[in-house]
file input11.pdb (PDB, C-alpha atoms)
ATOM      1  CA  MET A  67       0.000   0.000   0.000
ATOM      2  CA  VAL A  68       1.357   3.429  -0.971
ATOM      3  CA  CYS A  69       0.185   6.516   0.871
ATOM      4  CA  SER A  70      -1.072   9.369  -1.266
ATOM      5  CA  PRO A  71       1.247  12.402  -1.546
ATOM      6  CA  ALA A  72      -1.327  14.563   0.251
ATOM      7  CA  TRP A  73      -0.913  12.533   3.439
ATOM      8  CA  ALA A  74       2.709  11.373   3.232
ATOM      9  CA  THR A  75       5.072  13.090   5.654
ATOM     10  CA  THR A  76       8.117  11.316   4.209
ATOM     11  CA  PHE A  77       8.699  10.788   0.496
ATOM     12  CA  ILE A  78      11.216   8.041  -0.331
ATOM     13  CA  GLY A  79      12.699   7.774  -3.800
ATOM     14  CA  VAL A  80      14.531   4.510  -4.506
ATOM     15  CA  LEU A  81      16.972   4.280  -7.427
ATOM     16  CA  TRP A  82      17.487   0.710  -8.652
ATOM     17  CA  PRO A  83      20.852  -0.611  -9.861
ATOM     18  CA  LEU A  84      21.696  -1.744 -13.376
ATOM     19  CA  PHE A  85      19.032  -4.265 -14.542
ATOM     20  CA  GLY A  86      16.534  -2.884 -12.015
ATOM     21  CA  PRO A  87      14.750  -4.856  -9.285
ATOM     22  CA  LEU A  88      15.646  -8.238 -10.830
ATOM     23  CA  ALA A  89      19.264  -7.551  -9.892
ATOM     24  CA  ALA A  90      18.318  -6.422  -6.382
ATOM     25  CA  PRO A  91      16.010  -8.899  -4.635
ATOM     26  CA  GLY A  92      17.181  -7.689  -1.238
ATOM     27  CA  LEU A  93      16.291  -4.088  -2.051
ATOM     28  CA  ALA A  94      12.948  -5.161  -3.566
ATOM     29  CA  GLU A  95      12.149  -6.917  -0.293
ATOM     30  CA  LEU A  96      13.039  -3.802   1.704
ATOM     31  CA  VAL A  97      10.953  -1.576  -0.600
ATOM     32  CA  ALA A  98       7.912  -3.805   0.048
ATOM     33  CA  GLU A  99       8.442  -3.364   3.803
ATOM     34  CA  LEU A 100       8.745   0.412   3.487
ATOM     35  CA  GLN A 101       5.607   0.656   1.368
ATOM     36  CA  SER A 102       3.592  -0.853   4.234
ATOM     37  CA  MET A 103       4.706   1.853   6.683
ATOM     38  CA  PRO A 104       2.271   4.635   7.649
ATOM     39  CA  ASP A 105       2.835   8.240   6.532
ATOM     40  CA  VAL A 106       5.405   7.177   3.943
ATOM     41  CA  GLU A 107       5.227   7.313   0.159
ATOM     42  CA  VAL A 108       7.748   5.108  -1.675
ATOM     43  CA  ILE A 109       8.370   5.436  -5.415
ATOM     44  CA  THR A 110      11.016   3.424  -7.280
ATOM     45  CA  TYR A 111      12.973   4.464 -10.374
ATOM     46  CA  TRP A 112      15.393   2.736 -12.714
ATOM     47  CA  HIS A 113      18.776   4.411 -12.290
ATOM     48  CA  PRO A 114      18.638   6.350 -15.627
ATOM     49  CA  GLU A 115      15.249   7.765 -14.568
ATOM     50  CA  TRP A 116      16.836  10.016 -11.939
ATOM     51  CA  PRO A 117      15.434  13.178 -13.646
ATOM     52  CA  SER A 118      11.919  11.824 -12.940
ATOM     53  CA  LEU A 119      12.836  11.552  -9.263
ATOM     54  CA  VAL A 120      14.046  15.172  -9.380
ATOM     55  CA  ASP A 121      10.652  16.215 -10.806
ATOM     56  CA  ASP A 122       8.751  14.252  -8.159
ATOM     57  CA  ILE A 123      10.834  15.776  -5.348
ATOM     58  CA  ASN A 124      10.275  19.278  -6.724
ATOM     59  CA  HIS A 125       6.492  18.677  -6.721
ATOM     60  CA  GLN A 126       6.240  17.516  -3.104
ATOM     61  CA  SER A 127       4.130  19.657  -0.808
ATOM     62  CA  ALA A 128       5.873  21.973   1.635
ATOM     63  CA  GLY A 129       6.953  20.197   4.803
ATOM     64  CA  THR A 130       7.401  16.750   3.229
ATOM     65  CA  HIS A 131      10.641  15.071   4.283
ATOM     66  CA  ILE A 132      12.725  13.645   1.430
ATOM     67  CA  LEU A 133      14.836  10.479   1.639
ATOM     68  CA  VAL A 134      16.678   9.091  -1.388
ATOM     69  CA  ILE A 135      18.003   5.521  -1.374
ATOM     70  CA  GLY A 136      20.301   4.477  -4.199
ATOM     71  CA  TYR A 137      21.995   1.150  -4.828
ATOM     72  CA  SER A 138      24.954   0.595  -7.176
ATOM     73  CA  PHE A 139      24.401   2.829 -10.265
ATOM     74  CA  GLY A 140      21.389   4.175  -8.376
ATOM     75  CA  ALA A 141      23.707   5.294  -5.553
ATOM     76  CA  ASN A 142      25.879   7.201  -8.043
ATOM     77  CA  ASN A 143      22.799   8.841  -9.533
ATOM     78  CA  ALA A 144      21.478   9.850  -6.115
ATOM     79  CA  VAL A 145      24.193  12.521  -6.237
ATOM     80  CA  LEU A 146      22.796  13.802  -9.549
ATOM     81  CA  VAL A 147      19.371  14.019  -7.908
ATOM     82  CA  ALA A 148      20.806  16.035  -5.007
ATOM     83  CA  ASN A 149      22.635  18.376  -7.359
ATOM     84  CA  ASN A 150      19.395  19.168  -9.221
ATOM     85  CA  THR A 151      16.968  19.744  -6.338
ATOM     86  CA  ASN A 152      16.732  22.507  -3.754
ATOM     87  CA  TYR A 153      17.035  20.290  -0.711
ATOM     88  CA  ILE A 154      17.037  16.624   0.327
ATOM     89  CA  ASP A 155      16.834  15.637   3.978
ATOM     90  CA  SER A 156      18.761  12.396   3.611
ATOM     91  CA  ILE A 157      20.557  10.166   1.111
ATOM     92  CA  ILE A 158      21.593   6.586   1.787
ATOM     93  CA  ALA A 159      23.958   5.398  -0.941
ATOM     94  CA  LEU A 160      24.587   1.648  -0.976
ATOM     95  CA  GLN A 161      27.692   0.413  -2.790
ATOM     96  CA  PRO A 162      28.097   2.974  -5.593
ATOM     97  CA  SER A 163      29.798   1.617  -8.718
ATOM     98  CA  ILE A 164      33.202   2.557 -10.138
ATOM     99  CA  PHE A 165      31.829   1.862 -13.637
ATOM    100  CA  THR A 166      29.965   5.150 -14.022
ATOM    101  CA  SER A 167      30.605   8.820 -13.352
ATOM    102  CA  ASN A 168      31.583   9.995  -9.895
ATOM    103  CA  THR A 169      30.049  13.453  -9.931
ATOM    104  CA  PRO A 170      30.958  15.508  -6.838
ATOM    105  CA  LEU A 171      28.088  16.266  -4.473
ATOM    106  CA  THR A 172      27.279  19.992  -4.645
ATOM    107  CA  GLY A 173      23.586  19.876  -3.715
ATOM    108  CA  ASN A 174      22.012  20.794  -0.396
ATOM    109  CA  VAL A 175      21.633  17.561   1.595
ATOM    110  CA  GLY A 176      20.979  17.429   5.315
ATOM    111  CA  LYS A 177      22.639  14.032   5.776
ATOM    112  CA  ILE A 178      24.325  11.581   3.421
ATOM    113  CA  VAL A 179      25.600   8.140   4.388
ATOM    114  CA  GLU A 180      27.478   5.875   1.997
ATOM    115  CA  ILE A 181      27.977   2.159   2.623
ATOM    116  CA  TYR A 182      30.613   0.622   0.375
ATOM    117  CA  ASN A 183      33.108  -2.225   0.086
ATOM    118  CA  PRO A 184      36.585  -0.933  -0.853
ATOM    119  CA  ASN A 185      37.609  -4.403  -2.069
ATOM    120  CA  PRO A 186      36.582  -4.502  -5.767
ATOM    121  CA  TRP A 187      37.114  -8.282  -5.940
ATOM    122  CA  MET A 188      34.107  -8.741  -3.656
ATOM    123  CA  THR A 189      31.814  -6.509  -5.743
ATOM    124  CA  PHE A 190      32.146  -7.794  -9.320
ATOM    125  CA  GLY A 191      35.316  -5.823  -9.987
ATOM    126  CA  GLY A 192      34.120  -2.631  -8.332
ATOM    127  CA  MET A 193      30.318  -2.517  -8.714
ATOM    128  CA  GLY A 194      30.126  -1.513  -5.042
ATOM    129  CA  SER A 195      33.520   0.038  -4.408
ATOM    130  CA  GLN A 196      33.200   3.686  -5.439
ATOM    131  CA  LYS A 197      33.745   6.324  -2.772
ATOM    132  CA  LEU A 198      31.482   9.295  -3.466
ATOM    133  CA  ILE A 199      32.992  12.789  -3.466
ATOM    134  CA  GLY A 200      31.584  15.600  -1.360
ATOM    135  CA  ALA A 201      31.584  17.373   1.959
ATOM    136  CA  ASN A 202      29.950  15.876   5.046
ATOM    137  CA  ILE A 203      29.553  12.362   3.608
ATOM    138  CA  GLU A 204      29.583   9.702   6.311
ATOM    139  CA  TYR A 205      31.327   6.574   5.008
ATOM    140  CA  ILE A 206      30.598   3.109   6.350
ATOM    141  CA  VAL A 207      32.897   0.331   5.143
ATOM    142  CA  ASN A 208      31.499  -3.184   4.869
ATOM    143  CA  ASN A 209      32.669  -6.479   3.402
ATOM    144  CA  ASN A 210      29.417  -7.509   1.705
ATOM    145  CA  SER A 211      29.273  -8.891  -1.787
ATOM    146  CA  HIS A 212      27.431  -6.632  -4.214
ATOM    147  CA  LEU A 213      24.311  -8.811  -4.381
ATOM    148  CA  GLY A 214      24.384  -9.426  -0.643
ATOM    149  CA  ALA A 215      24.636  -5.748   0.389
ATOM    150  CA  PRO A 216      20.857  -4.978   0.370
ATOM    151  CA  PHE A 217      20.258  -7.916   2.722
ATOM    152  CA  ASN A 218      22.691  -6.458   5.276
ATOM    153  CA  LEU A 219      20.926  -5.653   8.562
ATOM    154  CA  GLU A 220      23.118  -2.587   9.154
ATOM    155  CA  PHE A 221      21.877  -1.090   5.881
ATOM    156  CA  ARG A 222      18.240  -1.992   6.546
ATOM    157  CA  ASN A 223      18.338  -0.684  10.111
ATOM    158  CA  LEU A 224      19.970   2.522   8.887
ATOM    159  CA  VAL A 225      17.118   3.087   6.419
ATOM    160  CA  LYS A 226      14.443   2.434   9.036
ATOM    161  CA  SER A 227      16.117   4.565  11.712
ATOM    162  CA  GLU A 228      16.459   7.405   9.226
ATOM    163  CA  ILE A 229      12.743   7.221   8.413
ATOM    164  CA  ALA A 230      11.978   7.257  12.155
ATOM    165  CA  ARG A 231      14.267  10.267  12.665
ATOM    166  CA  LEU A 232      12.625  12.216   9.832
ATOM    167  CA  SER A 233       9.134  11.296  11.037
ATOM    168  CA  ALA A 234       9.972  12.574  14.520
ATOM    169  CA  GLU A 235      11.172  15.930  13.188
ATOM    170  CA  GLN A 236       8.683  18.735  13.343
ATOM    171  CA  LEU A 237       7.364  19.703   9.932
ATOM    172  CA  PRO A 238       8.655  23.153   8.883
ATOM    173  CA  ASP A 239       5.145  24.602   8.380
ATOM    174  CA  THR A 240       4.077  23.539  11.875
ATOM    175  CA  ALA A 241       7.258  24.906  13.440
ATOM    176  CA  GLN A 242       6.885  28.238  11.639
ATOM    177  CA  ALA A 243       3.255  28.545  12.744
ATOM    178  CA  GLN A 244       4.227  27.930  16.373
ATOM    179  CA  ILE A 245       7.063  30.481  16.199
ATOM    180  CA  ALA A 246       4.733  33.063  14.658
ATOM    181  CA  LYS A 247       2.127  32.428  17.349
ATOM    182  CA  ALA A 248       4.704  32.668  20.139
ATOM    183  CA  SER A 249       6.098  35.952  18.777
ATOM    184  CA  GLN A 250       2.708  37.731  18.785
ATOM    185  CA  PRO A 251       2.415  40.186  21.686
ATOM    186  CA  THR A 252      -0.067  39.152  24.294
ATOM    187  CA  LYS A 253      -3.033  41.458  24.597
ATOM    188  CA  PRO A 254      -3.832  42.766  28.065
ATOM    189  CA  PRO A 255      -7.124  41.509  29.429
ATOM    190  CA  ASN A 256     -10.064  43.749  28.634
ATOM    191  CA  SER A 257     -10.817  45.938  31.606
ATOM    192  CA  PRO A 258     -14.053  47.855  32.008
ATOM    193  CA  GLU A 259     -13.740  51.546  31.270
ATOM    194  CA  SER A 260     -13.577  53.716  34.334
ATOM    195  CA  PRO A 261     -16.528  56.060  34.647
ATOM    196  CA  LYS A 262     -15.948  59.563  33.362
ATOM    197  CA  PRO A 263     -16.180  62.336  35.966
TER     198      PRO A 263
END
call {"tool": "encode", "arguments": {"input": "input11.pdb", "output": "structure tokens"}}
result
Amino acid sequence: MVCSPAWATTFIGVLWPLFGPLAAPGLAELVAELQSMPDVEVITYWHPEWPSLVDDINHQSAGTHILVIGYSFGANNAVLVANNTNYIDSIIALQPSIFTSNTPLTGNVGKIVEIYNPNPWMTFGGMGSQKLIGANIEYIVNNNSHLGAPFNLEFRNLVKSEIARLSAEQLPDTAQAQIAKASQPTKPPNSPESPKP
């Protein structure tokens, strides 16, 4: 079940690897779990469809949290998404590939975590061994094979904890309304007019 955009507080865009979901059964399984969560909208994209993800992010209603999950080529292209949107709350990049461009991250991202295996012999010659370039990227090294990476509990728990963190954050519109209300001067209580002499 996918929540409608009008009700979703967190929008999750998932970028598949080369050959799509058939090459990522572990990620497909995780996507199915995420789609059953309340207040979450999950849309998947083949990795070359990253411009469609950019469009969908740019059309989200104000206050919606944005999480992008990319795997392999999808992890590389998550950077392209970030560089072409105004803001993304979080990116989780799983085993980016050395066999495509490594565009530096210049976009505005609140938090980006990359999980990769620096040993190319364990990831089909480097399909999961690229280290993304950019400021404030948190790198997590693992020793998973490329196909095994989406089954890794550390990755799955990271995704779920990030969704929980975003869901717990106050929506910007609500926060602004409360600040505006708090900054209004309090009116003195109405007192009856004193009689004129």
call {"tool": "residues_around", "arguments": {"input": "input11.pdb", "residues": "segment 203-211 of chain A", "least_positions_apart": "4", "cutoff": "10 Å", "atoms": "only C-alpha atoms", "output": "ChimeraX atom specification"}}
result
/A:157-161,171,175,177-190,193-195,197-199,215-218,220-221
call {"tool": "write_last_selection", "arguments": {"input": "input11.pdb", "atoms": "C-alpha atoms", "output": "compact mmCIF listing (two decimals), keeping the file's coordinate frame"}}
result
# COMPACT_ATOMS: atom_id res chain seq x y z
CA ILE A 157 20.56 10.17 1.11
CA ILE A 158 21.59 6.59 1.79
CA ALA A 159 23.96 5.40 -0.94
CA LEU A 160 24.59 1.65 -0.98
CA GLN A 161 27.69 0.41 -2.79
CA LEU A 171 28.09 16.27 -4.47
CA VAL A 175 21.63 17.56 1.60
CA LYS A 177 22.64 14.03 5.78
CA ILE A 178 24.32 11.58 3.42
CA VAL A 179 25.60 8.14 4.39
CA GLU A 180 27.48 5.88 2.00
CA ILE A 181 27.98 2.16 2.62
CA TYR A 182 30.61 0.62 0.38
CA ASN A 183 33.11 -2.22 0.09
CA PRO A 184 36.58 -0.93 -0.85
CA ASN A 185 37.61 -4.40 -2.07
CA PRO A 186 36.58 -4.50 -5.77
CA TRP A 187 37.11 -8.28 -5.94
CA MET A 188 34.11 -8.74 -3.66
CA THR A 189 31.81 -6.51 -5.74
CA PHE A 190 32.15 -7.79 -9.32
CA MET A 193 30.32 -2.52 -8.71
CA GLY A 194 30.13 -1.51 -5.04
CA SER A 195 33.52 0.04 -4.41
CA LYS A 197 33.74 6.32 -2.77
CA LEU A 198 31.48 9.30 -3.47
CA ILE A 199 32.99 12.79 -3.47
CA ALA A 215 24.64 -5.75 0.39
CA PRO A 216 20.86 -4.98 0.37
CA PHE A 217 20.26 -7.92 2.72
CA ASN A 218 22.69 -6.46 5.28
CA GLU A 220 23.12 -2.59 9.15
CA PHE A 221 21.88 -1.09 5.88
call {"tool": "atom_distance", "arguments": {"input": "input11.pdb", "atom1": "atom CA of Gly86 of chain A", "atom2": "atom CA of Leu213 of chain A"}}
result
12.4 Å
call {"tool": "atom_distance", "arguments": {"input": "input11.pdb", "atom1": "atom CA of Ala94 of chain A", "atom2": "atom CA of Val80 of chain A"}}
result
9.8 Å
call {"tool": "closest_residue", "arguments": {"input": "input11.pdb", "among": "A:Ser163, A:Pro87, A:Gly192, A:Leu133", "to": "Leu224 of chain A", "atoms": "all atoms listed in the file"}}
result
A:Leu133
call {"tool": "closest_residue", "arguments": {"input": "input11.pdb", "among": "A:Ser127, A:Asn223, A:Thr75, A:Ser138", "to": "Glu107 of chain A", "atoms": "all atoms listed in the file"}}
result
A:Thr75
call {"tool": "closest_residue", "arguments": {"input": "input11.pdb", "among": "A:Phe77, A:Trp82, A:Phe139, A:Trp116", "to": "Phe165 of chain A", "atoms": "all atoms listed in the file"}}
result
A:Phe139
call {"tool": "closest_residue", "arguments": {"input": "input11.pdb", "among": "A:Gly214, A:Pro83, A:Gly200, A:Gly176", "to": "Glu228 of chain A", "atoms": "all atoms listed in the file"}}
result
A:Gly176
call {"tool": "residues_around", "arguments": {"input": "input11.pdb", "residues": "Gly173 of chain A", "least_positions_apart": "5", "cutoff": "7 Å", "atoms": "only C-alpha atoms", "output": "PyMOL selection string"}}
result
chain A and resi 148-150
call {"tool": "write_last_selection", "arguments": {"input": "input11.pdb", "atoms": "C-alpha atoms", "output": "mmCIF file, keeping the file's coordinate frame"}}
result
data_model
loop_
_atom_site.group_PDB
_atom_site.id
_atom_site.type_symbol
_atom_site.label_atom_id
_atom_site.label_comp_id
_atom_site.auth_asym_id
_atom_site.auth_seq_id
_atom_site.Cartn_x
_atom_site.Cartn_y
_atom_site.Cartn_z
ATOM 1 C CA ALA A 148 20.806 16.035 -5.007
ATOM 2 C CA ASN A 149 22.635 18.376 -7.359
ATOM 3 C CA ASN A 150 19.395 19.168 -9.221
#
call {"tool": "closest_residue", "arguments": {"input": "input11.pdb", "among": "A:Asp105, A:Glu95, A:Asp122, A:Glu235", "to": "Val134 of chain A", "atoms": "all atoms listed in the file"}}
result
A:Asp122
call {"tool": "residues_near_point", "arguments": {"input": "input11.pdb", "point": "(19.8, 6.8, -9.2)", "cutoff": "6 Å", "atoms": "only C-alpha atoms", "output": "ChimeraX atom specification"}}
result
/A:81,113,116,136,140-141,143-144
call {"tool": "decode", "arguments": {"input": "input11.pdb", "residues": "segment 142-244 of chain A", "atoms": "C-alpha atoms", "output": "PDB file, in the first residue's frame"}}
result
ATOM      1  CA  ASN A 142      25.879   7.201  -8.043  1.00  0.00           C
ATOM      2  CA  ASN A 143      22.799   8.841  -9.533  1.00  0.00           C
ATOM      3  CA  ALA A 144      21.478   9.850  -6.115  1.00  0.00           C
ATOM      4  CA  VAL A 145      24.193  12.521  -6.237  1.00  0.00           C
ATOM      5  CA  LEU A 146      22.796  13.802  -9.549  1.00  0.00           C
ATOM      6  CA  VAL A 147      19.371  14.019  -7.908  1.00  0.00           C
ATOM      7  CA  ALA A 148      20.806  16.035  -5.007  1.00  0.00           C
ATOM      8  CA  ASN A 149      22.635  18.376  -7.359  1.00  0.00           C
ATOM      9  CA  ASN A 150      19.395  19.168  -9.221  1.00  0.00           C
ATOM     10  CA  THR A 151      16.968  19.744  -6.338  1.00  0.00           C
ATOM     11  CA  ASN A 152      16.732  22.507  -3.754  1.00  0.00           C
ATOM     12  CA  TYR A 153      17.035  20.290  -0.711  1.00  0.00           C
ATOM     13  CA  ILE A 154      17.037  16.624   0.327  1.00  0.00           C
ATOM     14  CA  ASP A 155      16.834  15.637   3.978  1.00  0.00           C
ATOM     15  CA  SER A 156      18.761  12.396   3.611  1.00  0.00           C
ATOM     16  CA  ILE A 157      20.557  10.166   1.111  1.00  0.00           C
ATOM     17  CA  ILE A 158      21.593   6.586   1.787  1.00  0.00           C
ATOM     18  CA  ALA A 159      23.958   5.398  -0.941  1.00  0.00           C
ATOM     19  CA  LEU A 160      24.587   1.648  -0.976  1.00  0.00           C
ATOM     20  CA  GLN A 161      27.692   0.413  -2.790  1.00  0.00           C
ATOM     21  CA  PRO A 162      28.097   2.974  -5.593  1.00  0.00           C
ATOM     22  CA  SER A 163      29.798   1.617  -8.718  1.00  0.00           C
ATOM     23  CA  ILE A 164      33.202   2.557 -10.138  1.00  0.00           C
ATOM     24  CA  PHE A 165      31.829   1.862 -13.637  1.00  0.00           C
ATOM     25  CA  THR A 166      29.965   5.150 -14.022  1.00  0.00           C
ATOM     26  CA  SER A 167      30.605   8.820 -13.352  1.00  0.00           C
ATOM     27  CA  ASN A 168      31.583   9.995  -9.895  1.00  0.00           C
ATOM     28  CA  THR A 169      30.049  13.453  -9.931  1.00  0.00           C
ATOM     29  CA  PRO A 170      30.958  15.508  -6.838  1.00  0.00           C
ATOM     30  CA  LEU A 171      28.088  16.266  -4.473  1.00  0.00           C
ATOM     31  CA  THR A 172      27.279  19.992  -4.645  1.00  0.00           C
ATOM     32  CA  GLY A 173      23.586  19.876  -3.715  1.00  0.00           C
ATOM     33  CA  ASN A 174      22.012  20.794  -0.396  1.00  0.00           C
ATOM     34  CA  VAL A 175      21.633  17.561   1.595  1.00  0.00           C
ATOM     35  CA  GLY A 176      20.979  17.429   5.315  1.00  0.00           C
ATOM     36  CA  LYS A 177      22.639  14.032   5.776  1.00  0.00           C
ATOM     37  CA  ILE A 178      24.325  11.581   3.421  1.00  0.00           C
ATOM     38  CA  VAL A 179      25.600   8.140   4.388  1.00  0.00           C
ATOM     39  CA  GLU A 180      27.478   5.875   1.997  1.00  0.00           C
ATOM     40  CA  ILE A 181      27.977   2.159   2.623  1.00  0.00           C
ATOM     41  CA  TYR A 182      30.613   0.622   0.375  1.00  0.00           C
ATOM     42  CA  ASN A 183      33.108  -2.225   0.086  1.00  0.00           C
ATOM     43  CA  PRO A 184      36.585  -0.933  -0.853  1.00  0.00           C
ATOM     44  CA  ASN A 185      37.609  -4.403  -2.069  1.00  0.00           C
ATOM     45  CA  PRO A 186      36.582  -4.502  -5.767  1.00  0.00           C
ATOM     46  CA  TRP A 187      37.114  -8.282  -5.940  1.00  0.00           C
ATOM     47  CA  MET A 188      34.107  -8.741  -3.656  1.00  0.00           C
ATOM     48  CA  THR A 189      31.814  -6.509  -5.743  1.00  0.00           C
ATOM     49  CA  PHE A 190      32.146  -7.794  -9.320  1.00  0.00           C
ATOM     50  CA  GLY A 191      35.316  -5.823  -9.987  1.00  0.00           C
ATOM     51  CA  GLY A 192      34.120  -2.631  -8.332  1.00  0.00           C
ATOM     52  CA  MET A 193      30.318  -2.517  -8.714  1.00  0.00           C
ATOM     53  CA  GLY A 194      30.126  -1.513  -5.042  1.00  0.00           C
ATOM     54  CA  SER A 195      33.520   0.038  -4.408  1.00  0.00           C
ATOM     55  CA  GLN A 196      33.200   3.686  -5.439  1.00  0.00           C
ATOM     56  CA  LYS A 197      33.745   6.324  -2.772  1.00  0.00           C
ATOM     57  CA  LEU A 198      31.482   9.295  -3.466  1.00  0.00           C
ATOM     58  CA  ILE A 199      32.992  12.789  -3.466  1.00  0.00           C
ATOM     59  CA  GLY A 200      31.584  15.600  -1.360  1.00  0.00           C
ATOM     60  CA  ALA A 201      31.584  17.373   1.959  1.00  0.00           C
ATOM     61  CA  ASN A 202      29.950  15.876   5.046  1.00  0.00           C
ATOM     62  CA  ILE A 203      29.553  12.362   3.608  1.00  0.00           C
ATOM     63  CA  GLU A 204      29.583   9.702   6.311  1.00  0.00           C
ATOM     64  CA  TYR A 205      31.327   6.574   5.008  1.00  0.00           C
ATOM     65  CA  ILE A 206      30.598   3.109   6.350  1.00  0.00           C
ATOM     66  CA  VAL A 207      32.897   0.331   5.143  1.00  0.00           C
ATOM     67  CA  ASN A 208      31.499  -3.184   4.869  1.00  0.00           C
ATOM     68  CA  ASN A 209      32.669  -6.479   3.402  1.00  0.00           C
ATOM     69  CA  ASN A 210      29.417  -7.509   1.705  1.00  0.00           C
ATOM     70  CA  SER A 211      29.273  -8.891  -1.787  1.00  0.00           C
ATOM     71  CA  HIS A 212      27.431  -6.632  -4.214  1.00  0.00           C
ATOM     72  CA  LEU A 213      24.311  -8.811  -4.381  1.00  0.00           C
ATOM     73  CA  GLY A 214      24.384  -9.426  -0.643  1.00  0.00           C
ATOM     74  CA  ALA A 215      24.636  -5.748   0.389  1.00  0.00           C
ATOM     75  CA  PRO A 216      20.857  -4.978   0.370  1.00  0.00           C
ATOM     76  CA  PHE A 217      20.258  -7.916   2.722  1.00  0.00           C
ATOM     77  CA  ASN A 218      22.691  -6.458   5.276  1.00  0.00           C
ATOM     78  CA  LEU A 219      20.926  -5.653   8.562  1.00  0.00           C
ATOM     79  CA  GLU A 220      23.118  -2.587   9.154  1.00  0.00           C
ATOM     80  CA  PHE A 221      21.877  -1.090   5.881  1.00  0.00           C
ATOM     81  CA  ARG A 222      18.240  -1.992   6.546  1.00  0.00           C
ATOM     82  CA  ASN A 223      18.338  -0.684  10.111  1.00  0.00           C
ATOM     83  CA  LEU A 224      19.970   2.522   8.887  1.00  0.00           C
ATOM     84  CA  VAL A 225      17.118   3.087   6.419  1.00  0.00           C
ATOM     85  CA  LYS A 226      14.443   2.434   9.036  1.00  0.00           C
ATOM     86  CA  SER A 227      16.117   4.565  11.712  1.00  0.00           C
ATOM     87  CA  GLU A 228      16.459   7.405   9.226  1.00  0.00           C
ATOM     88  CA  ILE A 229      12.743   7.221   8.413  1.00  0.00           C
ATOM     89  CA  ALA A 230      11.978   7.257  12.155  1.00  0.00           C
ATOM     90  CA  ARG A 231      14.267  10.267  12.665  1.00  0.00           C
ATOM     91  CA  LEU A 232      12.625  12.216   9.832  1.00  0.00           C
ATOM     92  CA  SER A 233       9.134  11.296  11.037  1.00  0.00           C
ATOM     93  CA  ALA A 234       9.972  12.574  14.520  1.00  0.00           C
ATOM     94  CA  GLU A 235      11.172  15.930  13.188  1.00  0.00           C
ATOM     95  CA  GLN A 236       8.683  18.735  13.343  1.00  0.00           C
ATOM     96  CA  LEU A 237       7.364  19.703   9.932  1.00  0.00           C
ATOM     97  CA  PRO A 238       8.655  23.153   8.883  1.00  0.00           C
ATOM     98  CA  ASP A 239       5.145  24.602   8.380  1.00  0.00           C
ATOM     99  CA  THR A 240       4.077  23.539  11.875  1.00  0.00           C
ATOM    100  CA  ALA A 241       7.258  24.906  13.440  1.00  0.00           C
ATOM    101  CA  GLN A 242       6.885  28.238  11.639  1.00  0.00           C
ATOM    102  CA  ALA A 243       3.255  28.545  12.744  1.00  0.00           C
ATOM    103  CA  GLN A 244       4.227  27.930  16.373  1.00  0.00           C
TER     104      GLN A 244
END
